[in-house]
Amino acid sequence: MSSLRITFVYNDFEHLGTAYLIASAKRAGHAAAYVHYQQMDQFQFSNHAENVDAIVERIARTRPQVVGFSCITANYQSQLAIARAIKARLPGVKTLFGGIHVTLTAERVLRKPEVDCVVRGEGEEVLALLLDGCGDTADFWPAAAPAGATFKRADGGVVGAFDMAPKIRDLNALPDPDKEEIYAAAPLFAQEYQIMASRGCAYTCTYCYAGSIPITPGEPRILRREPEDVIAELERAVRRYGAEAVTFHDDIFTASRPWLERFLPLYKARVGLPFCCSTYPASMDPPKARALKDAGCIYIAIGVQSLSEEICRNVLNRPIDPDRVRDCINALNEVGLMNQVDHILDIPGDTQANSEKALLFYNETRPSRIQVFQLNYLPKAPIIQHALAHDAIDPDEIEAVEEGTSRANFYALYQTASRDTRATAFLLNWMMLLPKPLVRYLVRSGLYKRIYLPGPYVNLIIPRVILALISANDLRGRHHLRRFAARKLGGLFKWAQPLFALAARRNQKAT
């Protein structure tokens, strides 16, 4: 086996999985490069923001033998388009597809002529085995497929069983995610170090990828790294890259009290940067809130999604207790910890009466911010069958979801949703800037349905900008403002940097 050159391609955001794959390829002795591109112009609300030929030119300059694409449903078609263009420009290059969308639709993906190999499940160990075996046969791929990988022979034959990659049992044994090439391609990402201390989720919500992946009996739902391993990575990352803050991408960072009790004192003593994380109402209480705040947490997202116990039980398969949600928000507010509630609209079987109850609930409890989503359907998600039964989608939409061509996207909520849904989203986004009595009056009188103004800017962008500017701890909001400034101001962006540096200092003082 000789050293191979693999180039990874991803769009719009930092992708932690790709950083792990880069590290795994390098540890196995291969050369890894990275190309970043823009798929969605988030500030013009349009796809195909960057010319494919320009992206392919950057890939070609890395002289790859293999090009790796990680796919979620939202970027699948964009990744396919680049793979097609790569095949036309560099016919001898092999393409490797993985990620959660591919894990759920692997056979469909491998039928695409521009796709040579697919990987299902966690890819770090599979990638190393696959690359180590490449070059052993006339058509490049190994003589046999490692578990989790399936590829095409030159004669069209398929090798592999479309099986899942073995689950990685010891997360501490993984190399640090390698972000050198990612930060070189997108320097703004370096200001916020992204990390995971665990993998997996305790819940199997019907709308989520986690609810679509088969569960092996007896297999742990969550695997955690040792606190010392996480701290050591952060110390190395701060020395290597520098960072203003840390974001933990664990599905539920607060799930284990014993783990937090070991981790948070170490973080405070040895890292000390402001950090963001996610929680679930049932895994938050006043002692945890105080400990998180003391360790430097400045921003926490709360997965609520719906306040209807019936919808959560019968449709979403996630237990919810509005009293626990209230207690969670109150606990975070009492210690001054900025909190964002995630809430989904347009759930099949939901009602506008439920939405109005949610409006009144959030108006009284007052989380720092409400992140509003329209329900998007993902491949194999169990909620699809419920949606079909309620005529919320038609069978053609299932095909579109699996092909990644569904019209749904983050901004569809403000463009194509029903008038009631858009009006609800409008008030949820503006609520924290309005006095409680006014919100209460607008909901109870129904007038909120009449004041809705069309378009994402008024509904979403303007209130977000205001909240980011007036909230000392809105780290994520200011991160997006930086990206907007870099996009729209170009070379003038450097003149705005002192303002963002001042905001960062306010963050550190606030913690």
# chains A, B, ... in the order shown; residues from 1 in each chain; ligands from 1
>>> closest_atom_pairs(of="range 288-336 of chain A", to="range 357-374 of chain A", cutoff="9 Å", atoms="only C-alpha atoms", output="Markdown table")
| residue | atom | partner | partner_atom | distance |
| --- | --- | --- | --- | --- |
| A:Ala301 | CA | A:Gln371 | CA | 9.0 |
| A:Gln305 | CA | A:Phe373 | CA | 8.5 |
| A:Ser306 | CA | A:Ala358 | CA | 7.9 |
| A:Leu307 | CA | A:Ala358 | CA | 6.3 |
| A:Ser308 | CA | A:Ala358 | CA | 8.4 |
| A:Pro322 | CA | A:Phe361 | CA | 8.8 |
| A:Arg326 | CA | A:Thr365 | CA | 6.4 |
| A:Ile329 | CA | A:Pro367 | CA | 6.0 |
| A:Asn330 | CA | A:Thr365 | CA | 7.0 |
| A:Leu332 | CA | A:Pro367 | CA | 8.6 |
| A:Asn333 | CA | A:Pro367 | CA | 7.3 |
>>> write_last_selection(atoms="C-alpha atoms", output="mmCIF file, in the first residue's frame")
data_model
loop_
_atom_site.group_PDB
_atom_site.id
_atom_site.type_symbol
_atom_site.label_atom_id
_atom_site.label_comp_id
_atom_site.auth_asym_id
_atom_site.auth_seq_id
_atom_site.Cartn_x
_atom_site.Cartn_y
_atom_site.Cartn_z
ATOM 1 C CA ALA A 301 -29.969 25.433 23.298
ATOM 2 C CA GLN A 305 -39.850 21.183 19.499
ATOM 3 C CA SER A 306 -43.481 21.065 20.713
ATOM 4 C CA LEU A 307 -45.320 21.853 23.948
ATOM 5 C CA SER A 308 -48.235 19.548 23.101
ATOM 6 C CA PRO A 322 -44.451 21.649 29.868
ATOM 7 C CA ARG A 326 -40.810 25.954 32.374
ATOM 8 C CA ILE A 329 -36.038 27.965 31.253
ATOM 9 C CA ASN A 330 -36.462 29.433 34.734
ATOM 10 C CA LEU A 332 -31.254 29.100 33.166
ATOM 11 C CA ASN A 333 -32.784 32.575 33.396
#
>>> closest_atom_pairs(of="range 109-216 of chain A", to="range 13-29 of chain A", cutoff="8 Å", atoms="only C-alpha atoms", output="Markdown table")
| residue | atom | partner | partner_atom | distance |
| --- | --- | --- | --- | --- |
| A:Gly123 | CA | A:Leu21 | CA | 7.1 |
| A:Glu124 | CA | A:Leu21 | CA | 5.4 |
| A:Glu125 | CA | A:Ser24 | CA | 7.3 |
| A:Leu127 | CA | A:Ala25 | CA | 7.0 |
| A:Ala128 | CA | A:Ala25 | CA | 5.8 |
| A:Leu131 | CA | A:Ala25 | CA | 7.8 |
| A:Asp132 | CA | A:Ala28 | CA | 7.5 |
| A:Leu174 | CA | A:Ser24 | CA | 7.9 |
| A:Pro175 | CA | A:Ala23 | CA | 6.2 |
| A:Asp176 | CA | A:Ala23 | CA | 6.8 |
| A:Pro177 | CA | A:Tyr20 | CA | 4.2 |
| A:Asp178 | CA | A:Ala23 | CA | 4.9 |
| A:Lys179 | CA | A:Ala19 | CA | 5.6 |
| A:Ile182 | CA | A:Glu14 | CA | 7.5 |
| A:Phe189 | CA | A:Glu14 | CA | 6.6 |
| A:Gln194 | CA | A:Leu16 | CA | 7.1 |
| A:Ile195 | CA | A:Leu16 | CA | 7.3 |
>>> write_last_selection(atoms="C-alpha atoms", output="PDB file, in the first residue's frame")
ATOM      1  CA  GLY A 123     -16.376   6.407   8.821  1.00  0.00           C
ATOM      2  CA  GLU A 124     -13.068   6.957  10.597  1.00  0.00           C
ATOM      3  CA  GLU A 125     -11.946   3.328  10.859  1.00  0.00           C
ATOM      4  CA  LEU A 127     -11.822   5.047   5.674  1.00  0.00           C
ATOM      5  CA  ALA A 128      -8.385   4.011   6.904  1.00  0.00           C
ATOM      6  CA  LEU A 131      -7.495   3.633   1.654  1.00  0.00           C
ATOM      7  CA  ASP A 132      -4.908   1.144   2.916  1.00  0.00           C
ATOM      8  CA  LEU A 174      -9.748   8.636  17.892  1.00  0.00           C
ATOM      9  CA  PRO A 175      -7.215  11.245  16.781  1.00  0.00           C
ATOM     10  CA  ASP A 176      -8.071  14.907  17.336  1.00  0.00           C
ATOM     11  CA  PRO A 177     -10.140  16.240  14.441  1.00  0.00           C
ATOM     12  CA  ASP A 178      -7.676  17.877  12.040  1.00  0.00           C
ATOM     13  CA  LYS A 179      -8.903  21.353  11.145  1.00  0.00           C
ATOM     14  CA  ILE A 182     -10.591  23.587   7.036  1.00  0.00           C
ATOM     15  CA  PHE A 189     -14.398  29.030  11.589  1.00  0.00           C
ATOM     16  CA  GLN A 194     -16.357  22.907  17.607  1.00  0.00           C
ATOM     17  CA  ILE A 195     -16.073  19.636  19.494  1.00  0.00           C
TER      18      ILE A 195
END
>>> closest_atom_pairs(of="range 279-304 of chain A", to="range 250-267 of chain A", cutoff="7 Å", atoms="only C-alpha atoms", output="CSV")
residue,atom,partner,partner_atom,distance
A:Thr279,CA,A:Ile252,CA,4.8
A:Tyr280,CA,A:Ile252,CA,6.3
A:Ser283,CA,A:Ala255,CA,5.5
A:Met284,CA,A:Thr254,CA,7.0
A:Ala295,CA,A:Leu264,CA,5.7
>>> write_last_selection(atoms="N, CA and C atoms", output="PDB file, in the first residue's frame")
ATOM      1  N   THR A 279     -29.177  21.128  25.618  1.00  0.00           N
ATOM      2  CA  THR A 279     -29.776  20.368  26.706  1.00  0.00           C
ATOM      3  C   THR A 279     -31.172  19.925  26.317  1.00  0.00           C
ATOM      4  N   TYR A 280     -31.765  19.136  27.175  1.00  0.00           N
ATOM      5  CA  TYR A 280     -33.148  18.679  27.047  1.00  0.00           C
ATOM      6  C   TYR A 280     -33.822  19.031  28.378  1.00  0.00           C
ATOM      7  N   SER A 283     -33.183  17.059  31.481  1.00  0.00           N
ATOM      8  CA  SER A 283     -31.805  16.905  31.959  1.00  0.00           C
ATOM      9  C   SER A 283     -31.212  18.235  32.427  1.00  0.00           C
ATOM     10  N   MET A 284     -32.086  19.159  32.849  1.00  0.00           N
ATOM     11  CA  MET A 284     -31.611  20.436  33.365  1.00  0.00           C
ATOM     12  C   MET A 284     -32.311  20.744  34.681  1.00  0.00           C
ATOM     13  N   ALA A 295     -18.698  27.401  35.093  1.00  0.00           N
ATOM     14  CA  ALA A 295     -17.598  26.880  34.272  1.00  0.00           C
ATOM     15  C   ALA A 295     -17.356  27.692  33.017  1.00  0.00           C
TER      16      ALA A 295
END
>>> select_by_dssp(residues="range 179-403 of chain A", states="alpha helix (DSSP H)", output="JSON, numbers by chain")
{"A": [180, 181, 182, 183, 184, 185, 227, 228, 229, 230, 231, 232, 233, 234, 235, 236, 237, 238, 239, 240, 241, 257, 258, 259, 260, 261, 262, 263, 264, 265, 266, 267, 268, 269, 270, 286, 287, 288, 289, 290, 291, 292, 293, 294, 295, 309, 310, 311, 322, 323, 324, 325, 326, 327, 328, 329, 330, 331, 332, 333, 334, 352, 353, 354, 355, 356, 357, 358, 359, 360, 361, 362, 363, 364, 365, 383, 384, 385, 386, 387, 388, 389, 395, 396, 397, 398, 399, 400, 401, 402, 403]}
>>> select_by_dssp(residues="range 280-450 of chain A", states="strand (DSSP E or B)", output="list in words")
Cys297, Ile298, Tyr299, Ile300, Ala301, Ile302, Gly303, Val304, Gln305, Met338, Asn339, Gln340, Val341, Asp342, His343, Ile344, Leu345, Arg369, Ile370, Gln371, Val372, Phe373 and Gln374 of chain A
>>> write_last_selection(atoms="C-alpha atoms", output="mmCIF file, in the first residue's frame")
data_model
loop_
_atom_site.group_PDB
_atom_site.id
_atom_site.type_symbol
_atom_site.label_atom_id
_atom_site.label_comp_id
_atom_site.auth_asym_id
_atom_site.auth_seq_id
_atom_site.Cartn_x
_atom_site.Cartn_y
_atom_site.Cartn_z
ATOM 1 C CA CYS A 297 -21.216 28.405 29.635
ATOM 2 C CA ILE A 298 -22.768 31.471 28.013
ATOM 3 C CA TYR A 299 -25.352 29.964 25.659
ATOM 4 C CA ILE A 300 -27.436 26.806 25.790
ATOM 5 C CA ALA A 301 -29.969 25.433 23.298
ATOM 6 C CA ILE A 302 -33.031 23.617 24.673
ATOM 7 C CA GLY A 303 -34.658 20.945 22.520
ATOM 8 C CA VAL A 304 -38.392 21.470 23.047
ATOM 9 C CA GLN A 305 -39.850 21.183 19.499
ATOM 10 C CA MET A 338 -28.621 32.788 27.650
ATOM 11 C CA ASN A 339 -30.954 30.084 26.382
ATOM 12 C CA GLN A 340 -32.463 29.287 23.017
ATOM 13 C CA VAL A 341 -35.592 27.178 22.692
ATOM 14 C CA ASP A 342 -35.948 25.082 19.501
ATOM 15 C CA HIS A 343 -39.559 24.840 18.295
ATOM 16 C CA ILE A 344 -40.994 23.084 15.220
ATOM 17 C CA LEU A 345 -44.060 24.274 13.299
ATOM 18 C CA ARG A 369 -34.422 33.425 22.009
ATOM 19 C CA ILE A 370 -36.685 31.056 20.082
ATOM 20 C CA GLN A 371 -35.299 29.143 17.108
ATOM 21 C CA VAL A 372 -38.231 28.365 14.838
ATOM 22 C CA PHE A 373 -38.168 25.489 12.357
ATOM 23 C CA GLN A 374 -40.609 24.188 9.798
#
>>> residues_around(residues="range 138-146 of chain A", least_positions_apart="5", cutoff="10 Å", atoms="only C-alpha atoms", output="PyMOL selection string")
chain A and resi 65+92-94+116-117+119+125-133+151-155+158-163+165-166
>>> write_last_selection(atoms="C-alpha atoms", output="PDB file, in the first residue's frame")
ATOM      1  CA  GLN A  65      -6.844  10.240  -6.351  1.00  0.00           C
ATOM      2  CA  GLY A  92      -9.567   8.628 -13.237  1.00  0.00           C
ATOM      3  CA  VAL A  93     -10.485  10.053  -9.841  1.00  0.00           C
ATOM      4  CA  LYS A  94     -12.630   7.896  -7.535  1.00  0.00           C
ATOM      5  CA  ASP A 116     -17.866   4.970  -6.902  1.00  0.00           C
ATOM      6  CA  CYS A 117     -18.071   4.009  -3.229  1.00  0.00           C
ATOM      7  CA  VAL A 119     -19.820   4.166   3.462  1.00  0.00           C
ATOM      8  CA  GLU A 125     -11.946   3.328  10.859  1.00  0.00           C
ATOM      9  CA  VAL A 126     -13.567   2.257   7.576  1.00  0.00           C
ATOM     10  CA  LEU A 127     -11.822   5.047   5.674  1.00  0.00           C
ATOM     11  CA  ALA A 128      -8.385   4.011   6.904  1.00  0.00           C
ATOM     12  CA  LEU A 129      -8.986   0.356   5.971  1.00  0.00           C
ATOM     13  CA  LEU A 130     -10.382   1.323   2.587  1.00  0.00           C
ATOM     14  CA  LEU A 131      -7.495   3.633   1.654  1.00  0.00           C
ATOM     15  CA  ASP A 132      -4.908   1.144   2.916  1.00  0.00           C
ATOM     16  CA  GLY A 133      -6.274  -1.465   0.514  1.00  0.00           C
ATOM     17  CA  PHE A 151     -17.974   0.021  -4.056  1.00  0.00           C
ATOM     18  CA  LYS A 152     -18.211  -0.577  -7.799  1.00  0.00           C
ATOM     19  CA  ARG A 153     -15.730  -2.501  -9.893  1.00  0.00           C
ATOM     20  CA  ALA A 154     -14.689  -1.230 -13.309  1.00  0.00           C
ATOM     21  CA  ASP A 155     -16.926  -3.880 -14.895  1.00  0.00           C
ATOM     22  CA  VAL A 158     -20.649  -4.265  -6.732  1.00  0.00           C
ATOM     23  CA  VAL A 159     -18.390  -5.355  -3.863  1.00  0.00           C
ATOM     24  CA  GLY A 160     -19.724  -5.112  -0.336  1.00  0.00           C
ATOM     25  CA  ALA A 161     -23.014  -5.740   1.430  1.00  0.00           C
ATOM     26  CA  PHE A 162     -24.262  -2.222   2.174  1.00  0.00           C
ATOM     27  CA  ASP A 163     -23.762  -3.104   5.823  1.00  0.00           C
ATOM     28  CA  ALA A 165     -19.670   0.115   9.764  1.00  0.00           C
ATOM     29  CA  PRO A 166     -18.830  -1.316  13.180  1.00  0.00           C
TER      30      PRO A 166
END
>>> residues_around(residues="Gly99 in chain A", least_positions_apart="6", cutoff="8 Å", atoms="only C-alpha atoms", output="list in words")
Phe69, Ser70, Cys71, Ile72, Val119, Arg120 and Gly121 of chain A
>>> closest_residue(among="A:Ala282, A:Glu122, A:Leu469, A:Glu402", to="Pro379 in chain A", atoms="only C-alpha atoms")
A:Glu402
>>> residues_around(residues="Ile82 in chain A", least_positions_apart="3", cutoff="7 Å", atoms="only C-alpha atoms", output="list in words")
Val52, Val56, Ser78, Gln79, Ala85 and Ile86 of chain A
>>> residues_around(residues="Ile383 in chain A", least_positions_apart="2", cutoff="8 Å", atoms="only C-alpha atoms", output="PyMOL selection string")
chain A and resi 206-207+315-316+377+381+385-387
>>> write_last_selection(atoms="N, CA and C atoms", output="mmCIF file, in the first residue's frame")
data_model
loop_
_atom_site.group_PDB
_atom_site.id
_atom_site.type_symbol
_atom_site.label_atom_id
_atom_site.label_comp_id
_atom_site.auth_asym_id
_atom_site.auth_seq_id
_atom_site.Cartn_x
_atom_site.Cartn_y
_atom_site.Cartn_z
ATOM 1 N N THR A 206 -39.133 10.757 15.971
ATOM 2 C CA THR A 206 -39.539 10.259 14.661
ATOM 3 C C THR A 206 -39.123 11.146 13.506
ATOM 4 N N TYR A 207 -38.809 12.410 13.761
ATOM 5 C CA TYR A 207 -38.444 13.339 12.696
ATOM 6 C C TYR A 207 -36.933 13.412 12.493
ATOM 7 N N VAL A 315 -46.850 11.539 17.953
ATOM 8 C CA VAL A 315 -46.285 11.870 16.646
ATOM 9 C C VAL A 315 -44.758 11.910 16.679
ATOM 10 N N LEU A 316 -44.199 12.588 17.655
ATOM 11 C CA LEU A 316 -42.747 12.812 17.679
ATOM 12 C C LEU A 316 -41.971 11.750 18.455
ATOM 13 N N TYR A 377 -38.738 16.786 6.220
ATOM 14 C CA TYR A 377 -38.740 15.326 6.246
ATOM 15 C C TYR A 377 -37.396 14.793 5.779
ATOM 16 N N ALA A 381 -37.333 8.603 7.863
ATOM 17 C CA ALA A 381 -37.819 9.080 9.160
ATOM 18 C C ALA A 381 -39.205 8.497 9.434
ATOM 19 N N GLN A 385 -44.559 8.261 7.674
ATOM 20 C CA GLN A 385 -45.792 7.472 7.606
ATOM 21 C C GLN A 385 -46.961 8.211 8.268
ATOM 22 N N HIS A 386 -46.684 8.894 9.357
ATOM 23 C CA HIS A 386 -47.716 9.693 10.013
ATOM 24 C C HIS A 386 -48.156 10.832 9.094
ATOM 25 N N ALA A 387 -47.194 11.463 8.420
ATOM 26 C CA ALA A 387 -47.522 12.561 7.513
ATOM 27 C C ALA A 387 -48.375 12.089 6.341
#
>>> residues_around(residues="Glu399 in chain A", least_positions_apart="5", cutoff="12 Å", atoms="only C-alpha atoms", output="list in words")
Thr105, Arg108, Tyr377, Leu378, Pro379, Lys380, Ile384, Ile393, Asp394, Gly404, Thr405, Ser406 and Arg407 of chain A
